[in-house]
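Asks: Structure in structure tokens, see below.
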Amino acid sequence: MKYVKFTINSYKGIPKIELDLSKKPSSNIFTLVGLNESGKTSILEAIYLFQNDISKKEAHTLIPKSRQYSFNGEISVEAELELEDEELSSIKTHLQRKHKFYLTESNKTIKIKKKYQFKGSAPLETDDWQGTFWTLDFVGKTKQAKNSKRLRDWKKGAWDDVVALIREKYLPKILYYQDFLFKFPEKIYLEPFDKEGAEQEEYRGVVQDILDSIESGLTTEKDLLERMKNKEEKSHKEALNQLLLKMSSKLDDDILKKWDEIFGGTQKKKVNVSCDSETDEAGNVKHFIELKIEQGSDSYSINDRSLGFRWFFSFLIFTAFRKSRSSDPGETLFLLDEPASNLHQRSQQKLLQSLEDIVSDCRLVYSTHSHHLINPKWLAGTYIVRNKAINYGNPEEADTTETDISAIPYKNFVAKYPNEEDHFKPILDALQYTPSKLEIVPSTIFTEGKNDYYIFKYISDVLLEKKYNLHFYPGAGVDKYDDPFRLYLAWNRSFVALFDSDKGGKDARERYIKEIGPDVENRIFTFEDVDKKWKKFETENLFSEPEKVKVIQSCFEAYEKKEGYVKSKFNTAIQELYIRNEKFEFNKTTLPKFEKIFGFLEEKLDNLNNDKD
């Protein structure tokens, strides 16, 4: 089971927004982009509220600040979820066996709405001031019945039973992390005890997560605690020691190696997981494990390491390992608020790779105001968050009481900026990004638009595994490069452009040469320059018609071959293949065409760089 949409109404400064997690091209990572005070945190809090109750005493905190003097109405969060086929089959079997009810119609989509009602800025005095409402489209009948009925109309007890089954067995967890600078306990006790700290139960869960990531079926009670209590027996002692080594090795591989990859660590470090016991004043024996970082001849507590290391260690413990928890149903949804905001820019960029590794079998929504934490792959799942109370010319003038928060899908946001010269500029404008004079600008290849960009990136990065060191730039149309070309010339940076060899591409090339000058003459090319046979060529002409249809079918399962090639669906499918890092098997003649193009572009850039030298 997975979450596919959230609808938020009147929560704090949010009038109404929808976060659709199911649109094509599909992704498991969704980014909320906006300035500070734009409302990103409020959106994450609202989603988290869906699965977590709030007390009547604290309910007033949900009211928008601008309405706190007199709020009458409803605050709600609705989630739309989708059952997997096997889950729906299990529910059908449950209804048949327990209630003798046979489903004739069933919708895999389930809607669950949590709402809170207020009058005069206070929760209603009646018990129904809050409630959770389920929508299940299940229709069926008993064997004896002639006509089908909706399950709820037939027998509310059976409907309640199914709701309870879905809630307990299939409803995915929502985990919200505002920060990962946790104080790691020096000792993790494997059994509860009186007056233990609130963190002990959570970290016992962490120990179980590490075991789950090693092998399904391992448990803290049986494989750690029981062996510790019986370690005088040789078999238990050896099994315990081997398991502790396995845990240490797993943490080394999944955390320390990634740390070194991202931060370039040179000093060899390893995690040491050990166990011991102590006796308290009442004579109770308490068994615990300890996690230490060994570096050379020294051993350190997690809390003795740098803030960056503590953040990264906790981040992976509570995401990459947490998603392995065997007791969690469906696709866990992680909510991260400004992750890695305290890390260096280069580290933020490297962290994106870890996010991509984490999201198998789970989903992730994270907020950021850093352009270093935005991956072009995930723009289809990106929302621009804005607050009308903020004067974006001067954010310091924001009225903190008047709030009107919106979340706009990036595709729609770009449509509001039809005159922008590239596909990424609107997102940089939303963040008010200004490049540093010290930034290194790589040699660049300008493409006609975002569709060409994603095709080239997919072929280059995924299928050819970055064989060519090429950086592509997604334009907003062949006629919108006047400023970027002039800017790159002013910076004395190498660039080339590749346009379609149709009339539009050729006319644009001639116009740029005429208006900018001869400096761009040996920088702008069309497909016909790569191969004389490619006259009137567009990028999609590099693929055969049958394989373009197969690409569409790889993304749109219900797509029929007879529907033929549809350009918009083909481009969406290419983006999804790129997002998923999924290799598609093209015809034998297709990849060589792209190798020819990439080799041509690489040669032209090399010539330009050699001329500068």
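So you can find residues: chains in the structure tokens are A, B, ... in the order shown, residues in each start at 1, and ligands are numbered from 1 in order.
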Skipping near chain neighbours, those fewer than 4 positions away, what residues fall within 7 Å of Ser494 (chain A) using only C-alpha atoms, listed as a PyMOL selection string?
Replies: chain A and resi 443-444+605+608-609
Asks: Let me see the file: selected residues, C-alpha atoms, as an mmCIF file, in the first residue's frame.
Replies:
```cif
data_model
loop_
_atom_site.group_PDB
_atom_site.id
_atom_site.type_symbol
_atom_site.label_atom_id
_atom_site.label_comp_id
_atom_site.auth_asym_id
_atom_site.auth_seq_id
_atom_site.Cartn_x
_atom_site.Cartn_y
_atom_site.Cartn_z
ATOM 1 C CA SER A 443 31.774 23.336 -20.704
ATOM 2 C CA THR A 444 28.138 23.119 -21.691
ATOM 3 C CA LEU A 605 34.315 21.240 -27.142
ATOM 4 C CA LEU A 608 37.290 25.169 -28.377
ATOM 5 C CA ASN A 609 39.266 24.391 -25.215
#
```
Asks: Please identify all polymer residues within 9 Å of region 28-32 of chain A, counting only C-alpha atoms, omitting same-chain residues fewer than 5 positions from it, and present them as number ranges by chain.
Replies: A: 21, 40, 43, 355-356, 359-369, 374, 378-385, 407
Asks: Would you please extract all alpha helix (DSSP H) residues from region 86-274 of chain A, as assigned by DSSP on the backbone, and give them as JSON, numbers by chain?
Replies: {"A": [86, 87, 88, 89, 90, 91, 92, 93, 94, 95, 96, 97, 98, 99, 151, 152, 153, 154, 156, 157, 158, 159, 160, 161, 162, 163, 164, 165, 166, 167, 168, 169, 199, 200, 201, 202, 203, 204, 205, 206, 207, 208, 209, 210, 211, 212, 213, 214, 226, 227, 228, 229, 234, 235, 236, 237, 238, 239, 240, 241, 242, 243, 244, 245, 246, 247, 248, 249, 250, 251, 257, 258, 259, 260, 261, 262, 263]}
Asks: A:Phe288, A:Phe193, A:Tyr176, A:Phe101: which is nearest Leu225 (chain A), counting only C-alpha atoms?
Replies: A:Phe288
Asks: Name the residues of region 238-371 of chain A that fall into strand (DSSP E or B) according to DSSP on the backbone, using the chain letters and numbers of this document, as an mmCIF file with C-alpha atoms, in the first residue's frame.
Replies:
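Done, and the output landed in selection24.cif:
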```cif
data_model
loop_
_atom_site.group_PDB
_atom_site.id
_atom_site.type_symbol
_atom_site.label_atom_id
_atom_site.label_comp_id
_atom_site.auth_asym_id
_atom_site.auth_seq_id
_atom_site.Cartn_x
_atom_site.Cartn_y
_atom_site.Cartn_z
ATOM 1 C CA LYS A 269 37.333 4.284 10.626
ATOM 2 C CA LYS A 270 35.122 1.372 11.626
ATOM 3 C CA VAL A 271 32.072 0.805 13.773
ATOM 4 C CA ASN A 272 32.439 -1.503 16.750
ATOM 5 C CA VAL A 273 29.206 -3.019 18.113
ATOM 6 C CA SER A 274 29.762 -4.635 21.508
ATOM 7 C CA CYS A 275 27.562 -5.959 24.295
ATOM 8 C CA ASP A 276 27.787 -6.023 28.083
ATOM 9 C CA SER A 277 25.617 -6.011 31.208
ATOM 10 C CA GLU A 278 25.402 -4.162 34.510
ATOM 11 C CA THR A 279 23.543 -4.585 37.778
ATOM 12 C CA VAL A 285 20.798 -7.269 35.521
ATOM 13 C CA LYS A 286 20.507 -4.930 32.530
ATOM 14 C CA HIS A 287 21.923 -6.030 29.159
ATOM 15 C CA PHE A 288 22.960 -3.425 26.623
ATOM 16 C CA ILE A 289 24.915 -2.866 23.457
ATOM 17 C CA GLU A 290 27.286 -0.012 22.636
ATOM 18 C CA LEU A 291 28.206 1.562 19.308
ATOM 19 C CA LYS A 292 31.669 3.086 19.097
ATOM 20 C CA ILE A 293 33.679 4.567 16.239
ATOM 21 C CA GLU A 294 37.222 3.194 16.139
ATOM 22 C CA GLN A 295 39.900 5.240 14.421
ATOM 23 C CA ASP A 298 41.274 5.344 19.629
ATOM 24 C CA SER A 299 37.612 4.642 20.274
ATOM 25 C CA TYR A 300 34.938 7.363 20.271
ATOM 26 C CA SER A 301 31.299 7.672 21.188
ATOM 27 C CA THR A 332 7.029 4.001 4.484
ATOM 28 C CA LEU A 333 6.727 7.751 3.839
ATOM 29 C CA PHE A 334 9.628 9.839 5.171
ATOM 30 C CA LEU A 335 9.192 13.580 5.705
ATOM 31 C CA LEU A 336 12.470 15.509 6.029
ATOM 32 C CA ASP A 337 12.544 19.210 6.855
ATOM 33 C CA CYS A 362 9.733 3.717 0.436
ATOM 34 C CA ARG A 363 8.804 7.309 -0.418
ATOM 35 C CA LEU A 364 10.369 10.597 0.573
ATOM 36 C CA VAL A 365 9.100 14.179 0.746
ATOM 37 C CA TYR A 366 11.715 16.751 1.727
ATOM 38 C CA SER A 367 11.850 20.530 1.888
ATOM 39 C CA THR A 368 14.773 22.728 0.947
#
```
Asks: Could you please determine the separation between CA of Gln51 (chain A) and CA of Gly217 (chain A) in Å, to one decimal place?
Replies: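 Spanning CA of Gln51 (chain A) to CA of Gly217 (chain A) is a straight-line distance of 27.5 Å.
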Asks: With distances taken over only C-alpha atoms, which of A:Asp223, A:Asp479, A:Asp507, A:Glu45 is nearest to Lys237 (chain A)?
Replies: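 Checking each of A:Asp223, A:Asp479, A:Asp507, A:Glu45 against Lys237 (chain A), counting only C-alpha atoms, the winner is A:Asp223.
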Asks: Please list as a ChimeraX atom specification every residue within 9 Å of Phe556 (chain A), counting only C-alpha atoms and excluding residues in the same chain fewer than 4 positions away.
Replies: /A:24,551-552,569,573
Asks: Would you output that residue set with C-alpha atoms, as a PDB file, in the first residue's frame?
Replies:
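Dumped everything to result12.pdb:
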```pdb
ATOM      1  CA  LYS A  24       3.862  10.612 -14.558  1.00  0.00           C
ATOM      2  CA  VAL A 551       9.237   3.025 -24.517  1.00  0.00           C
ATOM      3  CA  ILE A 552       5.760   4.477 -23.923  1.00  0.00           C
ATOM      4  CA  LYS A 569       3.926  10.269 -23.663  1.00  0.00           C
ATOM      5  CA  ALA A 573       8.407   7.742 -20.408  1.00  0.00           C
TER       6      ALA A 573
END
```
Asks: Might you pull out every residue within 12 Å of region 162-164 of chain A, with only C-alpha atoms counted and same-chain residues fewer than 3 positions away left off, and present them as a VMD selection string?
Replies: chain A and resid 87 to 88 90 to 96 98 to 99 101 110 to 112 132 to 138 151 to 152 155 to 159 167 to 171
Asks: Report the distance between CA of Ser341 (chain A) and CA of Trp311 (chain A) in Å, rounded to one decimal place.
Replies: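 Straight-line distance from CA of Ser341 (chain A) to CA of Trp311 (chain A) works out to 10.4 Å.
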Asks: Here is a test: counting only C-alpha atoms, which residue of A:Pro25, A:Ser406, A:Lys323, A:Thr61 is nearest to Leu577 (chain A)?
Replies: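 Of all the options, A:Pro25 lies closest to Leu577 (chain A).
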